[in-house]
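A.B. asks: You'll find final_19.cif just under this line, and it carries mmCIF, C-alpha atoms.
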```cif
data_input
loop_
_atom_site.label_atom_id
_atom_site.label_comp_id
_atom_site.auth_asym_id
_atom_site.auth_seq_id
_atom_site.Cartn_x
_atom_site.Cartn_y
_atom_site.Cartn_z
CA MET A 1 17.01 -17.58 -13.32
CA ASN A 2 13.56 -18.93 -14.22
CA SER A 3 12.46 -18.56 -10.59
CA TRP A 4 13.68 -14.96 -10.50
CA PHE A 5 11.83 -14.12 -13.72
CA LYS A 6 8.66 -15.74 -12.42
CA ASN A 7 8.74 -13.64 -9.24
CA TYR A 8 9.39 -10.39 -11.10
CA LYS A 9 7.39 -11.19 -14.22
CA GLY A 10 4.57 -8.78 -13.36
CA ILE A 11 6.91 -5.85 -12.75
CA ILE A 12 8.99 -6.64 -15.85
CA MET A 13 5.92 -6.81 -18.09
CA LEU A 14 4.57 -3.54 -16.70
CA MET A 15 7.93 -1.87 -17.27
CA ILE A 16 8.08 -3.20 -20.84
CA GLY A 17 4.61 -1.80 -21.46
CA ILE A 18 5.52 1.58 -19.97
CA ILE A 19 8.80 1.80 -21.93
CA ALA A 20 7.12 0.74 -25.19
CA GLY A 21 4.34 3.27 -24.66
CA SER A 22 6.85 6.01 -23.87
CA ILE A 23 8.81 5.32 -27.04
CA ALA A 24 5.60 5.34 -29.08
CA GLY A 25 4.64 8.65 -27.49
CA LEU A 26 8.04 10.18 -28.27
CA PHE A 27 7.94 9.25 -31.96
CA LEU A 28 4.22 9.57 -32.71
CA GLY A 29 3.43 12.67 -30.68
CA LYS A 30 -0.25 13.57 -30.47
CA LYS A 31 -1.15 10.78 -32.90
CA VAL A 32 -1.14 8.44 -29.89
CA GLU A 33 -4.47 9.94 -28.84
CA LEU A 34 -5.94 7.19 -31.04
CA ILE A 35 -4.85 4.51 -28.55
CA LYS A 36 -5.93 6.38 -25.41
CA PRO A 37 -9.24 4.41 -25.30
CA ILE A 38 -7.20 1.26 -24.63
CA GLY A 39 -5.87 2.82 -21.44
CA ASP A 40 -9.37 4.06 -20.55
CA ILE A 41 -10.80 0.54 -20.94
CA PHE A 42 -8.17 -0.83 -18.58
CA LEU A 43 -8.93 1.86 -15.99
CA ASN A 44 -12.69 1.29 -16.28
CA LEU A 45 -12.26 -2.45 -15.68
CA LEU A 46 -10.14 -1.64 -12.65
CA PHE A 47 -12.71 0.78 -11.25
CA THR A 48 -15.54 -1.69 -11.82
CA ALA A 49 -13.87 -4.51 -9.89
CA VAL A 50 -12.42 -2.55 -7.01
CA VAL A 51 -15.48 -2.09 -4.75
CA PRO A 52 -16.65 -5.73 -4.63
CA LEU A 53 -13.04 -6.87 -4.31
CA VAL A 54 -12.45 -4.72 -1.23
CA PHE A 55 -15.82 -5.68 0.27
CA PHE A 56 -15.22 -9.43 0.05
CA ALA A 57 -11.55 -9.21 1.09
CA ILE A 58 -12.21 -7.25 4.28
CA ALA A 59 -15.53 -8.80 5.30
CA SER A 60 -14.27 -12.36 4.81
CA ALA A 61 -11.04 -11.68 6.74
CA ILE A 62 -12.92 -10.34 9.78
CA ALA A 63 -15.56 -13.08 9.61
CA GLY A 64 -12.75 -15.64 9.97
CA LEU A 65 -11.14 -14.13 13.09
CA ASP A 66 -10.56 -16.07 16.31
CA GLY A 67 -12.61 -14.47 19.08
CA SER A 68 -10.48 -15.52 22.06
CA LYS A 69 -9.66 -12.83 24.65
CA ARG A 70 -5.95 -13.67 24.80
CA LEU A 71 -5.65 -13.33 21.07
CA GLY A 72 -7.65 -10.10 21.28
CA ARG A 73 -5.13 -8.51 23.69
CA LEU A 74 -2.19 -9.56 21.53
CA LEU A 75 -3.93 -8.23 18.44
CA GLY A 76 -4.50 -4.94 20.26
CA ILE A 77 -0.79 -4.48 21.01
CA THR A 78 0.11 -5.62 17.51
CA SER A 79 -2.30 -3.11 15.98
CA VAL A 80 -0.77 -0.23 17.97
CA VAL A 81 2.74 -1.22 16.84
CA PHE A 82 1.68 -1.64 13.22
CA VAL A 83 -0.15 1.69 13.06
CA GLY A 84 2.61 3.49 14.96
CA THR A 85 5.41 2.34 12.66
CA VAL A 86 3.37 3.04 9.53
CA LEU A 87 2.73 6.60 10.75
CA VAL A 88 6.43 7.10 11.56
CA ALA A 89 7.30 6.06 8.00
CA ALA A 90 4.70 8.46 6.58
CA ILE A 91 5.83 11.40 8.71
CA ILE A 92 9.50 10.88 7.82
CA THR A 93 8.53 10.83 4.13
CA ILE A 94 6.49 14.03 4.44
CA ILE A 95 9.48 15.76 6.03
CA ALA A 96 11.70 14.44 3.22
CA THR A 97 9.34 15.87 0.58
CA TRP A 98 9.66 19.27 2.27
CA ILE A 99 13.45 19.05 2.27
CA PHE A 100 13.63 17.68 -1.30
CA PRO A 101 10.47 19.01 -2.99
CA ILE A 102 9.27 17.05 -6.00
CA HIS A 103 6.77 19.62 -7.25
CA GLN A 104 9.48 22.02 -8.42
CA HIS A 105 10.44 19.54 -11.13
CA LEU A 106 7.03 18.41 -12.31
CA VAL A 107 4.94 19.88 -15.08
CA ALA A 108 2.37 22.21 -13.55
CA SER A 109 -1.17 20.92 -14.08
CA PRO A 110 -0.75 18.75 -17.19
CA ILE A 111 -4.12 17.25 -16.28
CA THR A 112 -6.68 19.99 -16.24
CA GLU A 113 -9.92 18.48 -14.92
CA THR A 114 -11.44 20.71 -12.25
CA ILE A 115 -11.19 19.55 -8.64
CA VAL A 116 -14.08 20.72 -6.47
CA LYS A 117 -12.91 22.03 -3.10
CA LYS A 118 -15.27 21.24 -0.21
CA PRO A 119 -15.23 22.24 3.47
CA PHE A 120 -13.15 19.83 5.55
CA GLY A 121 -16.15 18.73 7.64
CA ASP A 122 -18.21 17.88 4.56
CA GLN A 123 -15.22 16.10 3.08
CA LEU A 124 -14.90 13.89 6.17
CA THR A 125 -18.64 13.15 6.24
CA GLN A 126 -18.69 12.07 2.62
CA LEU A 127 -15.45 10.17 3.11
CA PHE A 128 -16.76 7.96 5.93
CA THR A 129 -20.45 7.57 5.03
CA THR A 130 -23.04 7.66 2.26
CA SER A 131 -26.72 8.57 2.47
CA GLU A 132 -27.88 5.67 0.26
CA PHE A 133 -26.82 2.02 0.06
CA TYR A 134 -26.27 2.07 -3.70
CA GLU A 135 -23.70 4.84 -3.28
CA LEU A 136 -21.45 2.31 -1.52
CA LEU A 137 -20.99 0.66 -4.91
CA SER A 138 -19.19 3.72 -6.27
CA ARG A 139 -15.38 3.96 -6.16
CA LYS A 140 -15.91 7.54 -4.97
CA SER A 141 -17.22 6.09 -1.69
CA MET A 142 -14.30 3.72 -1.15
CA LEU A 143 -13.72 4.41 2.54
CA ALA A 144 -17.44 4.23 3.33
CA ALA A 145 -17.49 0.85 1.57
CA ILE A 146 -14.54 -0.31 3.67
CA ILE A 147 -16.26 0.71 6.91
CA PHE A 148 -19.44 -1.07 5.81
CA SER A 149 -17.37 -4.17 4.94
CA ILE A 150 -15.85 -4.14 8.44
CA LEU A 151 -19.34 -3.97 9.98
CA ILE A 152 -20.51 -6.87 7.80
CA GLY A 153 -17.47 -8.91 8.85
CA PHE A 154 -18.04 -8.38 12.58
CA ALA A 155 -21.78 -9.00 12.23
CA THR A 156 -21.02 -12.31 10.51
CA LEU A 157 -18.54 -13.19 13.28
CA ARG A 158 -21.16 -12.45 15.96
CA SER A 159 -23.77 -14.53 14.18
CA GLY A 160 -21.80 -17.70 14.84
CA GLU A 161 -23.27 -20.89 13.40
CA LYS A 162 -26.34 -19.07 12.07
CA GLY A 163 -24.08 -16.93 9.92
CA ALA A 164 -21.86 -19.80 8.75
CA SER A 165 -23.44 -19.97 5.29
CA PHE A 166 -22.97 -16.22 4.81
CA ALA A 167 -19.36 -16.50 5.98
CA ARG A 168 -18.73 -19.19 3.35
CA PHE A 169 -20.28 -16.86 0.76
CA LEU A 170 -17.87 -14.09 1.81
CA HIS A 171 -14.85 -16.41 1.61
CA SER A 172 -15.96 -17.71 -1.79
CA GLY A 173 -16.57 -14.19 -3.10
CA ASN A 174 -13.14 -13.15 -1.89
CA GLU A 175 -11.45 -15.90 -3.89
CA VAL A 176 -13.51 -15.13 -7.01
CA PHE A 177 -12.75 -11.41 -6.99
CA LYS A 178 -9.07 -11.99 -6.27
CA ASN A 179 -8.91 -13.91 -9.53
CA ILE A 180 -10.99 -11.28 -11.36
CA PHE A 181 -8.46 -8.67 -10.31
CA ILE A 182 -5.55 -10.89 -11.37
CA LEU A 183 -7.17 -11.31 -14.80
CA ILE A 184 -7.70 -7.56 -15.18
CA MET A 185 -4.10 -6.82 -14.19
CA LYS A 186 -2.89 -9.06 -17.02
CA LEU A 187 -3.99 -6.14 -19.21
CA GLY A 188 -1.81 -3.80 -17.13
CA PRO A 189 1.19 -3.67 -19.51
CA ILE A 190 -1.09 -2.81 -22.46
CA GLY A 191 -3.35 -0.44 -20.54
CA LEU A 192 -0.55 1.45 -18.79
CA GLY A 193 1.53 1.41 -21.97
CA ALA A 194 -1.30 3.07 -23.88
CA TYR A 195 -1.87 5.63 -21.14
CA PHE A 196 1.84 6.45 -20.84
CA ALA A 197 2.12 6.79 -24.62
CA TYR A 198 -0.69 9.35 -24.44
CA GLN A 199 0.96 11.22 -21.56
CA VAL A 200 4.35 11.40 -23.28
CA GLY A 201 2.92 12.14 -26.71
CA VAL A 202 0.66 14.97 -25.51
CA PHE A 203 2.59 16.46 -22.59
CA GLY A 204 6.13 15.71 -23.64
CA PRO A 205 9.12 13.74 -22.28
CA GLN A 206 9.62 16.26 -19.48
CA LEU A 207 7.33 14.03 -17.42
CA PHE A 208 10.22 11.59 -16.99
CA GLY A 209 12.16 14.01 -14.81
CA GLY A 210 9.42 14.02 -12.20
CA TYR A 211 9.24 10.23 -12.08
CA ALA A 212 13.02 9.91 -11.82
CA ARG A 213 13.15 12.35 -8.91
CA SER A 214 10.23 10.59 -7.25
CA MET A 215 12.12 7.30 -7.45
CA GLY A 216 15.28 8.94 -6.09
CA LEU A 217 13.35 10.36 -3.15
CA TYR A 218 11.68 7.03 -2.41
CA TYR A 219 14.83 4.92 -2.54
CA GLY A 220 16.71 7.48 -0.44
CA VAL A 221 14.04 7.57 2.27
CA GLY A 222 13.65 3.79 2.05
CA ALA A 223 17.36 3.15 2.57
CA PHE A 224 17.40 5.54 5.56
CA TYR A 225 14.36 3.86 7.07
CA PHE A 226 15.76 0.36 6.52
CA VAL A 227 19.11 1.05 8.17
CA VAL A 228 18.45 3.76 10.75
CA ILE A 229 14.80 3.44 11.79
CA PHE A 230 14.76 -0.38 11.90
CA SER A 231 17.89 -0.20 14.07
CA LEU A 232 16.11 2.30 16.33
CA TYR A 233 13.11 -0.03 16.66
CA ALA A 234 15.41 -2.94 17.50
CA PHE A 235 17.15 -0.79 20.13
CA ILE A 236 13.81 0.17 21.72
CA ALA A 237 12.83 -3.49 21.79
CA GLY A 238 16.06 -4.95 23.14
CA GLY A 239 18.84 -2.39 23.48
CA VAL A 240 22.19 -2.84 21.74
CA ASN A 241 21.79 -6.61 21.93
CA GLY A 242 18.45 -6.23 20.15
CA ILE A 243 20.14 -4.41 17.26
CA LYS A 244 22.80 -7.11 16.95
CA LYS A 245 20.27 -9.95 17.01
CA TYR A 246 17.95 -8.27 14.54
CA TRP A 247 20.57 -7.59 11.87
CA ARG A 248 22.34 -10.91 12.39
CA ASN A 249 19.07 -12.70 11.61
CA ASN A 250 17.69 -10.27 9.03
CA ILE A 251 20.01 -11.24 6.16
CA ILE A 252 18.00 -14.21 4.90
CA PRO A 253 14.60 -12.45 5.19
CA SER A 254 16.02 -9.45 3.31
CA ALA A 255 17.38 -11.65 0.53
CA THR A 256 14.10 -13.56 0.38
CA ALA A 257 12.08 -10.34 0.14
CA VAL A 258 14.18 -8.97 -2.71
CA GLY A 259 14.41 -12.33 -4.46
CA THR A 260 10.68 -13.13 -4.33
CA CYS A 261 9.25 -9.59 -4.32
CA SER A 262 6.59 -10.88 -1.93
CA SER A 263 5.91 -10.14 1.74
CA ILE A 264 3.90 -13.35 2.01
CA ALA A 265 6.75 -15.44 0.63
CA THR A 266 9.07 -13.94 3.27
CA ILE A 267 6.89 -15.10 6.20
CA PRO A 268 8.72 -18.45 6.69
CA ALA A 269 12.11 -16.71 6.74
CA ASN A 270 10.78 -14.12 9.18
CA LEU A 271 9.37 -16.82 11.48
CA ASP A 272 12.73 -18.58 11.51
CA ALA A 273 14.50 -15.29 12.24
CA ALA A 274 12.03 -14.52 15.04
CA LYS A 275 12.77 -17.88 16.67
CA LYS A 276 16.54 -17.25 16.52
CA ILE A 277 16.10 -13.74 17.95
CA GLY A 278 14.14 -15.17 20.87
CA ILE A 279 10.64 -13.89 20.16
CA PRO A 280 8.06 -16.23 21.82
CA ASP A 281 6.26 -18.49 19.36
CA VAL A 282 2.83 -17.32 20.46
CA ILE A 283 3.76 -13.75 19.48
CA ALA A 284 5.71 -14.57 16.32
CA ASN A 285 3.02 -16.90 14.98
CA VAL A 286 0.38 -14.17 15.26
CA THR A 287 2.33 -10.97 14.57
CA ILE A 288 4.44 -12.03 11.57
CA PRO A 289 1.67 -13.64 9.46
CA LEU A 290 -0.56 -10.65 10.18
CA GLY A 291 2.31 -8.32 9.35
CA GLY A 292 2.73 -10.04 5.99
CA THR A 293 -0.64 -8.68 4.96
CA LEU A 294 -1.40 -5.73 7.25
CA HIS A 295 1.93 -4.08 8.14
CA LYS A 296 3.62 -2.22 5.29
CA ASP A 297 6.11 0.51 6.14
CA GLY A 298 7.40 0.52 2.56
CA SER A 299 3.89 1.03 1.22
CA SER A 300 3.43 3.88 3.70
CA ILE A 301 6.44 5.69 2.22
CA SER A 302 5.31 5.08 -1.36
CA SER A 303 1.78 6.21 -0.51
CA ILE A 304 3.03 9.65 0.56
CA VAL A 305 5.33 9.95 -2.46
CA LYS A 306 2.42 9.08 -4.79
CA MET A 307 0.19 11.67 -3.13
CA VAL A 308 2.83 14.37 -3.43
CA VAL A 309 3.36 13.59 -7.12
CA VAL A 310 -0.37 13.57 -7.89
CA PHE A 311 -0.87 16.85 -6.02
CA ALA A 312 2.03 18.38 -7.96
CA LEU A 313 0.66 17.18 -11.31
CA PHE A 314 -2.61 18.89 -10.53
CA GLY A 315 -0.90 22.05 -9.27
CA LYS A 316 -2.19 21.55 -5.72
CA SER A 317 -0.39 22.27 -2.45
CA PHE A 318 0.43 19.40 -0.08
CA ASN A 319 1.34 21.60 2.88
CA SER A 320 -1.98 22.34 4.64
CA ALA A 321 -2.73 20.73 8.01
CA ASP A 322 -6.00 19.10 6.91
CA THR A 323 -4.36 17.67 3.77
CA ILE A 324 -1.51 16.14 5.78
CA ALA A 325 -3.87 14.80 8.48
CA LEU A 326 -6.00 13.13 5.82
CA ALA A 327 -2.85 11.80 4.11
CA LEU A 328 -1.72 10.12 7.35
CA GLY A 329 -5.12 8.52 7.77
CA MET A 330 -5.14 7.37 4.15
CA THR A 331 -1.65 5.92 4.56
CA VAL A 332 -2.73 3.73 7.48
CA LEU A 333 -5.75 2.56 5.50
CA VAL A 334 -3.63 1.88 2.41
CA SER A 335 -1.40 -0.38 4.52
CA LEU A 336 -4.46 -2.31 5.70
CA VAL A 337 -6.24 -2.39 2.34
CA GLU A 338 -3.21 -3.82 0.54
CA GLY A 339 -3.17 -6.87 2.81
CA GLY A 340 -4.15 -10.11 1.14
CA ILE A 341 -5.22 -8.46 -2.13
CA PRO A 342 -3.22 -9.09 -5.31
CA ASN A 343 -1.95 -5.74 -6.62
CA GLY A 344 -3.44 -4.20 -3.48
CA GLY A 345 -1.31 -1.08 -3.89
CA TYR A 346 -3.59 -0.04 -6.73
CA ILE A 347 -6.57 -0.27 -4.37
CA GLY A 348 -4.79 2.08 -1.99
CA GLU A 349 -4.16 4.50 -4.83
CA LEU A 350 -7.84 4.46 -5.72
CA LEU A 351 -8.62 5.16 -2.07
CA PHE A 352 -6.56 8.33 -1.73
CA ILE A 353 -7.58 9.56 -5.19
CA SER A 354 -11.21 9.16 -4.13
CA ALA A 355 -10.61 10.81 -0.75
CA TYR A 356 -9.06 13.93 -2.26
CA GLY A 357 -11.53 14.13 -5.13
CA PHE A 358 -9.05 13.64 -7.97
CA PRO A 359 -10.36 12.39 -11.33
CA PRO A 360 -9.48 8.94 -12.79
CA GLU A 361 -6.54 10.42 -14.72
CA ALA A 362 -4.67 10.66 -11.41
CA LEU A 363 -4.45 6.86 -11.11
CA PRO A 364 -1.87 5.90 -13.81
CA PRO A 365 0.93 8.17 -12.50
CA ALA A 366 0.44 6.72 -9.01
CA MET A 367 0.43 3.18 -10.43
CA ILE A 368 3.63 3.84 -12.37
CA ILE A 369 5.45 5.09 -9.26
CA GLY A 370 4.18 2.10 -7.29
CA THR A 371 5.61 -0.24 -9.93
CA LEU A 372 9.00 1.49 -10.01
CA VAL A 373 9.52 1.39 -6.22
CA ASP A 374 8.12 -2.11 -5.62
CA PRO A 375 11.43 -3.93 -4.84
CA MET A 376 12.41 -1.50 -2.07
CA ALA A 377 8.82 -1.38 -0.81
CA THR A 378 8.73 -5.17 -0.50
CA LEU A 379 12.04 -5.18 1.37
CA LEU A 380 10.70 -2.68 3.92
CA ASN A 381 7.27 -4.30 4.16
CA ALA A 382 8.63 -7.79 4.75
CA THR A 383 11.64 -7.19 6.99
CA GLY A 384 9.74 -4.65 9.08
CA ASP A 385 7.53 -7.46 10.39
CA THR A 386 10.31 -9.08 12.43
CA VAL A 387 11.33 -5.86 14.16
CA ALA A 388 7.63 -5.13 14.75
CA ALA A 389 7.35 -8.54 16.44
CA MET A 390 10.29 -7.52 18.65
CA LEU A 391 8.42 -4.36 19.66
CA VAL A 392 5.23 -6.32 20.37
CA THR A 393 7.26 -8.67 22.60
CA ARG A 394 8.82 -5.72 24.42
CA PHE A 395 5.43 -4.16 25.19
CA SER A 396 3.73 -7.43 26.13
CA GLU A 397 6.55 -9.33 27.91
CA GLY A 398 8.54 -6.48 29.47
CA LYS A 399 11.95 -4.96 28.85
CA ASN A 400 13.89 -8.06 29.95
CA TRP A 401 12.30 -10.40 27.41
CA LEU A 402 15.52 -10.76 25.42
CA ASN A 403 17.47 -11.83 28.52
CA LYS A 404 14.80 -14.42 29.34
CA ALA A 405 15.03 -15.78 25.80
CA GLU A 406 18.74 -16.36 26.23
#
```
Represent the structure from my file as structure tokens, please.
C.D. replies:
Amino acid sequence: MNSWFKNYKGIIMLMIGIIAGSIAGLFLGKKVELIKPIGDIFLNLLFTAVVPLVFFAIASAIAGLDGSKRLGRLLGITSVVFVGTVLVAAIITIIATWIFPIHQHLVASPITETIVKKPFGDQLTQLFTTSEFYELLSRKSMLAAIIFSILIGFATLRSGEKGASFARFLHSGNEVFKNIFILIMKLGPIGLGAYFAYQVGVFGPQLFGGYARSMGLYYGVGAFYFVVIFSLYAFIAGGVNGIKKYWRNNIIPSATAVGTCSSIATIPANLDAAKKIGIPDVIANVTIPLGGTLHKDGSSISSIVKMVVVFALFGKSFNSADTIALALGMTVLVSLVEGGIPNGGYIGELLFISAYGFPPEALPPAMIIGTLVDPMATLLNATGDTVAAMLVTRFSEGKNWLNKAE
């Protein structure tokens, strides 16, 4: 029981804060505007830490890569599988939001800050680059900062021994800012509680209907993806026998994922399952640990749901081709950005909010949804790594790999 509480402590505390804030909002009404600055302080701390956190996390990870050619080929196949499955999850979710629209049940434009609409070309330019270095330090230039971090990481890797001191600086900075973010998130229950009290007190309890429907949509799509799409992936990788082997050996990883609420904690169970399935060690030992941080089908689904909810709250349409194309790109990046960063889902939320030009008030609703769907998201994120390893083996070892393993 103590172990279970420890693993879910963060979610439980956030939910307590949200519930307490909601109750305060219901009874106090607009008087809760007095505590709104508490929520604003929490958000400002989050925004201040996010850019250096992402810089150090990405640059240090790339600076520590192994440069061998064999590993490079395997990483290439793994990357294609990871990106492909994340996009499939996102597309399925977009279709689900069309079939079961959330926006019909949300309050139209409860947040009224003006969103400036720019031409798509200008939007892409400003999304990927900045004209001055100091602009990289702004959360509004999140993707440009990520690209610059990737360049720094590869430059450090190419510098070899001469760049060793800088690489140690990147690794050290990564550890420091991980802990800064953990410290800030300890204020999450209070900060989100204050913000939610303000939302309920000012805009009314009708907001709850939208969140409930968002959760219903997520868990419905997640269950479909877990049972049907994972089975399809296993079939592509190894036919009917692949399906049998995957589900026979996916029980313990699934229980571990739900019990620990951590993709990283599920890695040992996934490695053991991969060995029993027959995935070669050289593939499993690379693909599954990487998948624990970089491959997140569950986060892909939640990313789309969050976007749809935020668009609905601002009275914006989520149906245009450029909006959907950008959403798919953001979803892939969110999956990558979350890897190895505590509470990395919040970084992904900041990324898409920045990309679409939403104001800071768009962050708390996205954070709340992310908190509510976290158990199912972890299940999909963690157990999707083993079936992804099966696909990588199929594409690198040939269609008869499962027969050879036996």
A.B. asks: For a quick check of your reading of the model, name the residues lying within 12 Å of the coordinate (-18.7, -15.6, 0.0), counting all atoms listed in the file, and write them as a list of chain:residue names.
C.D. replies: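 Every polymer residue passing the test: A:Pro52, A:Leu53, A:Phe55, A:Phe56, A:Ala57, A:Ile58, A:Ala59, A:Ser60, A:Ala61, A:Ala63, A:Gly64, A:Ile152, A:Gly153, A:Thr156, A:Gly163, A:Ala164, A:Ser165, A:Phe166, A:Ala167, A:Arg168, A:Phe169, A:Leu170, A:His171, A:Ser172, A:Gly173, A:Asn174, A:Glu175, A:Val176, A:Phe177.
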A.B. asks: Tell me which of A:Gly25, A:Gly193, A:Gly370, A:Pro360 sits closest to Val309 in chain A, counting all atoms listed in the file.
C.D. replies: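 Smallest separation from Val309 in chain A among the options: A:Gly370.
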A.B. asks: With distances taken over only C-alpha atoms, which residue among A:Leu14, A:Ala382, A:Leu391, A:Leu46 lies nearest Gly188 in chain A?
C.D. replies: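 Looking only at the distances to Gly188 in chain A, the closest residue turns out to be A:Leu14.
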A.B. asks: Residues at most 9 Å from range 219-226 of chain A, counting all atoms listed in the file, excluding those fewer than 2 positions away in the same chain, as a count of residues only?
C.D. replies: 22
A.B. asks: If the PyMOL selection byres ((chain A and resi 296) around 12) were run on this exact file, what residues would it hold? Put them as an MDAnalysis selection string.
C.D. replies: chainID A and resid 81:90 262:264 288 290:295 297:303 331:340 344:345 348 374 376:386 388
A.B. asks: Measure the distance from CA of Val258 in chain A to CA of Asn270 in chain A in Å and round it to one decimal.
C.D. replies: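 Pair CA of Val258 in chain A / CA of Asn270 in chain A returns 13.4 Å.
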A.B. asks: For CA of Arg213 in chain A and CA of Phe100 in chain A, determine how far apart the two atoms are, in Å to one decimal place.
C.D. replies: 9.3 Å
A.B. asks: From the options A:Ser159, A:Ser396, A:Thr48, A:Thr129, which residue's atoms come nearest to Pro280 in chain A, counting all atoms listed in the file?
C.D. replies: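 Between A:Ser159, A:Ser396, A:Thr48, A:Thr129, the residue approaching Pro280 in chain A most closely is A:Ser396.
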